[in-house]
Amino acid sequence: MALRLYDTIARDKVELVPRSADRIAMYVCGPTVYDVPHVGHGRTATTFDVIRRYLEWRGFAVTYVSNVTDIEDKIIARAAATGSTEPEVAARFEAAYWEQLDRLGVRRPDHVPHATEYVDSMQRLIATLIERGHAYVVDGQGVYYDVTSFPSYGALPHRSLAQLLESAGARVDVDTAKRSPVDFALWKAAKPGEPAWPSPWGDGRPGWHIECSAMSLDLLGPGFDIHGGGDDLAFPHHENERAQAEGAGHAFARYWLHSAMVQVRGEKMSKSLGNFTTLTGALDAHGPRAFRMAVLQTHYRRAMELGDAELGAAAAAVDRLDALVRRAQATGLEVAPGDPGVVARFRDAMDDDFSTPAAMAVIFDAVSAAHQALDDRDAARASVMVGAVCELTDALGLTLAAAGTGGDAGFDAEIDDLVARREAARTARDFATADALRAELTARGVVVEDTPTGPVWHRA
RNA sequence: GGCGGUGUAGCCGAGUGGCUCAGGCAAGGGUCUGCAAAACCCUGGACGCGGGUUCAAUUCCCGCCACCGCCUCCA
């Protein structure tokens with residue numbers, strides 16, 4: 001069965017037909033690094049990490065590129081406000097971004113292009129656009145893209161030029177340097193004190209959209225497969241990227257994927273609204289795996305809340321998965337390759353536009369089946385079910401924690417000792433001592449489960 | 001104003017013209033357990049409102065209401 005995905009231009013699910021068989025080249029817009037990452041960044045990064053991992057699980061060799069915008073108005077403003085420099089601001093917040101993504105288990109991209117490293121390439125693209133009649137120079141202002149020169153402009157947001165013009169005229173402050181309100185800047189002339197690069201059109205810096213056209217084409221080549229990002233980027237950012245690349249004569253992305261926003265009490269989370277929760281805070285409070293679970297349990301094209309209630313429920317769901325692994329380990333179950341029926345249902349779910357909620361339902365059904373098999377002492381069935389759970393959660397980037405994973409040998413030894421003493425007390429039917437030891441373990445954040453094969457502990 | 005989306009049980013959140021059922025969290029009852037945890041079994045309760053099509057609609061069509069996103073920097 002074919003893998004289908006929802007393409008924003010087609011506005012429908014379409015079959016994924018790669019540029020070259022068995023290989024997928026994908027580009028996902030990353031952040032402008034002028035502030036700490038919030039949970040919305042975490043959702044988008046996780047969504048595309050899952051897609052990348054699934055494509056690989058599905059047998060594709062994936063090249064994954066995600067950029068960092070390290071020069072932009074807000075970075076300049078932040079540097080000015082804090083008495084810092086643009087490179088310092090960018091470096092600091094980029095580090096914070098990767099730190100949180102690492103915690104989340106988002107795999108690093110194969111390439112992380114930075115805008116400032118591709119200025120030459122952007123200038124070449126701009127020059128080509130001028131030659132081909134898609135761009136014009138305004139002395140002392142910069143270079144602009146002439147939207148009317150690109151017939152399919154508006155295909156991504158599904159709006160006609162007339163519609164775009166109407167709303168642009170109605171709501172947007174029109175830059176008088178532009179011929180048309182819908183035109184956009186390719187190159188911005190530098191104002192005094194701003195960082196600038198020399199160019200044929202005067203010292204300045206690139207417009208925001210041109211970097212992604214240049215970097216994606218440079219690293220992935222024309223006609224690469226998937227272009228992704230948050231759905232707030234669909235217009236104008238992605239449409240402008242497309243206009244630039246195709247206007248310059250290059251085939252651009254074959255499929256456009258957009259992930260929905262995180263909301264806070266029904267409103268979009270964004271820095272401009274000031275209602276954001278930092279990613280660090282959310283991960284500290286509920287753990288990175290709870291975050292990933294919450295993201296997986298909602299379809300990527302649906303807006304979602306990611307507050308304490310949602311993350312708390314997701315953490316409990318993760319516990320259910322861990323508990324199965326603990327039980328399997330405590331029973332000494334050998335984990336076999338996943339049950340083919342379960343794996344097939346998982347694949348069907350994911351092949352349908354990466355329906356992770358349905359995929360998670362398949363996994364949780366396997367969890368139930370595994371427990372039932374263990375209850376029935378059906379080791380063969382239990383091992384293929386546990387195998388499926390481990391294999392499929394792993395495919396989604398969710399790591400299950402077995403018992404005793406303290407990660408700190410000294411701590412683990414102390415806990416092992418307490419657990420052993422408690423078990424000795426229980427065997428002697430000295431329950432007062434046993435309960436006291438349990439209380440001590442609880443105080444240290446450890447839960448002990450007594451199983452037919454002896455006690456098993458894990459962190460609460 | 002234009003374009004698009006959403007409204008499902010206590011909460012989150014899938015999905016489908018009728019079939020026993022998404023799934024997770026939570027709640028109640030039971031089994032097991034020295035205690036506890038985990039697990040298993042059982043239980044309740046859903047499809048925004050009003051019409052229409054149909055033997056049958058939560059699912060299709062029309063209207064309405066509410067909320068959200070994009071049209072401006074934004075994951």
# chains A, B, ... in the order shown; residues from 1 in each chain; ligands from 1

$ select_by_dssp --residues "segment 250-408 of chain A" --states "strand (DSSP E)" --output "ChimeraX atom specification"
/A:255-259,262-264,267-268,304-305

$ residues_around --residues "Met350 of chain A" --least-positions-apart "3" --cutoff "9 Å" --atoms "only C-alpha atoms (C1' of nucleotides)" --output "VMD selection string"
chain A and resid 3 to 4 54 345 to 347 353 to 356 358 to 359

$ interface_residues --of "chain B" --to "chain A" --cutoff "9 Å" --atoms "only C-alpha atoms (C1' of nucleotides)" --output "ChimeraX atom specification"
/B:1-6,11-14,22-26,33-40,67-75

$ select_by_dssp --residues "segment 269-415 of chain A" --states "alpha helix (DSSP H)" --output "PyMOL selection string"
chain A and resi 279-286+288-296+308-330+340-351+356-375+379-395+409-415

$ write_last_selection --atoms "C-alpha atoms" --output "mmCIF file, in the first residue's frame"
data_model
loop_
_atom_site.group_PDB
_atom_site.id
_atom_site.type_symbol
_atom_site.label_atom_id
_atom_site.label_comp_id
_atom_site.auth_asym_id
_atom_site.auth_seq_id
_atom_site.Cartn_x
_atom_site.Cartn_y
_atom_site.Cartn_z
ATOM 1 C CA LEU A 279 10.122 24.337 26.001
ATOM 2 C CA THR A 280 12.585 23.958 28.839
ATOM 3 C CA GLY A 281 9.837 24.522 31.388
ATOM 4 C CA ALA A 282 7.500 22.014 29.798
ATOM 5 C CA LEU A 283 10.199 19.354 29.562
ATOM 6 C CA ASP A 284 11.330 19.972 33.122
ATOM 7 C CA ALA A 285 7.798 19.644 34.420
ATOM 8 C CA HIS A 286 6.645 16.515 32.622
ATOM 9 C CA PRO A 288 10.552 14.838 27.246
ATOM 10 C CA ARG A 289 8.831 11.549 26.606
ATOM 11 C CA ALA A 290 5.507 12.899 27.848
ATOM 12 C CA PHE A 291 5.923 15.771 25.423
ATOM 13 C CA ARG A 292 6.547 13.422 22.519
ATOM 14 C CA MET A 293 3.624 11.238 23.563
ATOM 15 C CA ALA A 294 1.286 14.217 23.662
ATOM 16 C CA VAL A 295 2.420 15.285 20.209
ATOM 17 C CA LEU A 296 1.960 11.763 18.864
ATOM 18 C CA ASP A 308 -0.027 20.740 32.238
ATOM 19 C CA ALA A 309 -3.212 18.718 31.898
ATOM 20 C CA GLU A 310 -2.290 17.368 28.473
ATOM 21 C CA LEU A 311 1.318 16.657 29.342
ATOM 22 C CA GLY A 312 0.336 15.051 32.634
ATOM 23 C CA ALA A 313 -2.054 12.664 30.899
ATOM 24 C CA ALA A 314 0.608 11.880 28.334
ATOM 25 C CA ALA A 315 3.113 11.113 31.081
ATOM 26 C CA ALA A 316 0.661 8.575 32.486
ATOM 27 C CA ALA A 317 0.355 7.029 29.032
ATOM 28 C CA VAL A 318 4.140 6.703 28.861
ATOM 29 C CA ASP A 319 4.031 4.966 32.241
ATOM 30 C CA ARG A 320 1.734 2.364 30.809
ATOM 31 C CA LEU A 321 4.287 1.557 28.127
ATOM 32 C CA ASP A 322 7.144 1.460 30.610
ATOM 33 C CA ALA A 323 5.167 -0.826 32.880
ATOM 34 C CA LEU A 324 4.902 -3.407 30.135
ATOM 35 C CA VAL A 325 8.634 -3.323 29.553
ATOM 36 C CA ARG A 326 9.234 -3.733 33.277
ATOM 37 C CA ARG A 327 6.879 -6.651 33.447
ATOM 38 C CA ALA A 328 8.443 -8.321 30.430
ATOM 39 C CA GLN A 329 11.886 -7.847 31.867
ATOM 40 C CA ALA A 330 10.874 -9.070 35.311
ATOM 41 C CA PRO A 340 3.361 -8.946 11.771
ATOM 42 C CA GLY A 341 -0.309 -8.115 12.100
ATOM 43 C CA VAL A 342 0.391 -5.325 14.559
ATOM 44 C CA VAL A 343 3.226 -4.013 12.436
ATOM 45 C CA ALA A 344 0.985 -4.002 9.368
ATOM 46 C CA ARG A 345 -1.734 -2.061 11.153
ATOM 47 C CA PHE A 346 0.841 0.414 12.364
ATOM 48 C CA ARG A 347 2.125 0.882 8.849
ATOM 49 C CA ASP A 348 -1.378 1.389 7.472
ATOM 50 C CA ALA A 349 -2.015 4.060 10.080
ATOM 51 C CA MET A 350 1.222 5.890 9.411
ATOM 52 C CA ASP A 351 0.921 5.544 5.658
ATOM 53 C CA THR A 356 0.245 8.967 14.691
ATOM 54 C CA PRO A 357 -2.884 8.924 16.897
ATOM 55 C CA ALA A 358 -4.092 5.818 15.054
ATOM 56 C CA ALA A 359 -0.588 4.365 15.229
ATOM 57 C CA MET A 360 -0.497 4.912 18.971
ATOM 58 C CA ALA A 361 -3.857 3.183 19.280
ATOM 59 C CA VAL A 362 -2.359 0.177 17.480
ATOM 60 C CA ILE A 363 0.552 0.187 19.894
ATOM 61 C CA PHE A 364 -1.691 0.415 22.949
ATOM 62 C CA ASP A 365 -3.783 -2.441 21.630
ATOM 63 C CA ALA A 366 -0.567 -4.456 21.462
ATOM 64 C CA VAL A 367 0.191 -3.468 25.048
ATOM 65 C CA SER A 368 -3.139 -4.935 26.135
ATOM 66 C CA ALA A 369 -2.557 -8.040 24.066
ATOM 67 C CA ALA A 370 0.892 -8.468 25.594
ATOM 68 C CA HIS A 371 -0.454 -8.257 29.141
ATOM 69 C CA GLN A 372 -3.209 -10.703 28.355
ATOM 70 C CA ALA A 373 -0.697 -13.103 26.859
ATOM 71 C CA LEU A 374 1.489 -12.777 29.944
ATOM 72 C CA ASP A 375 -1.538 -13.466 32.135
ATOM 73 C CA ALA A 379 5.187 -16.555 26.134
ATOM 74 C CA ALA A 380 5.251 -16.839 22.362
ATOM 75 C CA ARG A 381 2.415 -14.382 21.890
ATOM 76 C CA ALA A 382 3.681 -12.115 24.634
ATOM 77 C CA SER A 383 7.118 -11.872 23.094
ATOM 78 C CA VAL A 384 5.876 -10.833 19.651
ATOM 79 C CA MET A 385 3.525 -8.300 21.216
ATOM 80 C CA VAL A 386 6.192 -6.816 23.448
ATOM 81 C CA GLY A 387 8.480 -6.885 20.433
ATOM 82 C CA ALA A 388 5.958 -4.916 18.432
ATOM 83 C CA VAL A 389 5.530 -2.347 21.187
ATOM 84 C CA CYS A 390 9.275 -1.822 21.502
ATOM 85 C CA GLU A 391 9.922 -1.771 17.785
ATOM 86 C CA LEU A 392 7.092 0.608 16.919
ATOM 87 C CA THR A 393 7.605 3.064 19.736
ATOM 88 C CA ASP A 394 11.238 3.135 18.755
ATOM 89 C CA ALA A 395 10.239 3.912 15.175
ATOM 90 C CA ALA A 409 25.571 3.664 39.476
ATOM 91 C CA GLY A 410 25.989 4.852 43.052
ATOM 92 C CA PHE A 411 22.313 5.691 43.384
ATOM 93 C CA ASP A 412 21.300 2.411 41.784
ATOM 94 C CA ALA A 413 23.470 0.437 44.229
ATOM 95 C CA GLU A 414 21.927 2.180 47.222
ATOM 96 C CA ILE A 415 18.451 1.516 45.941
#

$ atom_distance --atom1 "atom CA of Trp256 of chain A" --atom2 "atom CA of Val50 of chain A"
16.1 Å

$ residues_around --residues "Leu156 of chain A" --least-positions-apart "3" --cutoff "7 Å" --atoms "only C-alpha atoms (C1' of nucleotides)" --output "list in words"
Thr8, Ile9, Ala234 and Glu239 of chain A

$ write_last_selection --atoms "N, CA, C and O atoms" --output "compact mmCIF listing (two decimals), in the first residue's frame"
# COMPACT_ATOMS: atom_id res chain seq x y z
N THR A 8 -0.10 20.63 0.87
CA THR A 8 -0.82 21.89 1.03
C THR A 8 -1.26 22.48 -0.31
O THR A 8 -2.34 23.07 -0.40
N ILE A 9 -0.45 22.32 -1.34
CA ILE A 9 -0.85 22.88 -2.64
C ILE A 9 -2.03 22.08 -3.21
O ILE A 9 -3.01 22.66 -3.68
N ALA A 234 3.23 28.94 5.92
CA ALA A 234 2.76 28.61 4.57
C ALA A 234 2.65 29.87 3.72
O ALA A 234 3.03 29.89 2.55
N GLU A 239 5.39 30.47 0.27
CA GLU A 239 4.99 30.86 -1.08
C GLU A 239 6.09 31.70 -1.74
O GLU A 239 6.37 31.57 -2.93

$ atom_distance --atom1 "atom CA of Val147 of chain A" --atom2 "atom CA of Asp183 of chain A"
5.4 Å

$ closest_residue --among "A:Glu131, A:Asp35, A:Glu194, A:Asp12" --to "Ala80 of chain A" --atoms "only C-alpha atoms"
A:Glu194

$ atom_distance --atom1 "atom CA of Ile24 of chain A" --atom2 "atom CA of His237 of chain A"
22.6 Å

$ residues_around --residues "G7 of chain B" --least-positions-apart "2" --cutoff "10 Å" --atoms "only C-alpha atoms (C1' of nucleotides)" --output "VMD selection string"
chain B and resid 47 to 48 66 to 67

$ residues_around --residues "segment 57-65 of chain B" --least-positions-apart "6" --cutoff "8 Å" --atoms "only C-alpha atoms (C1' of nucleotides)" --output "ChimeraX atom specification"
/B:8,16-17,47-51
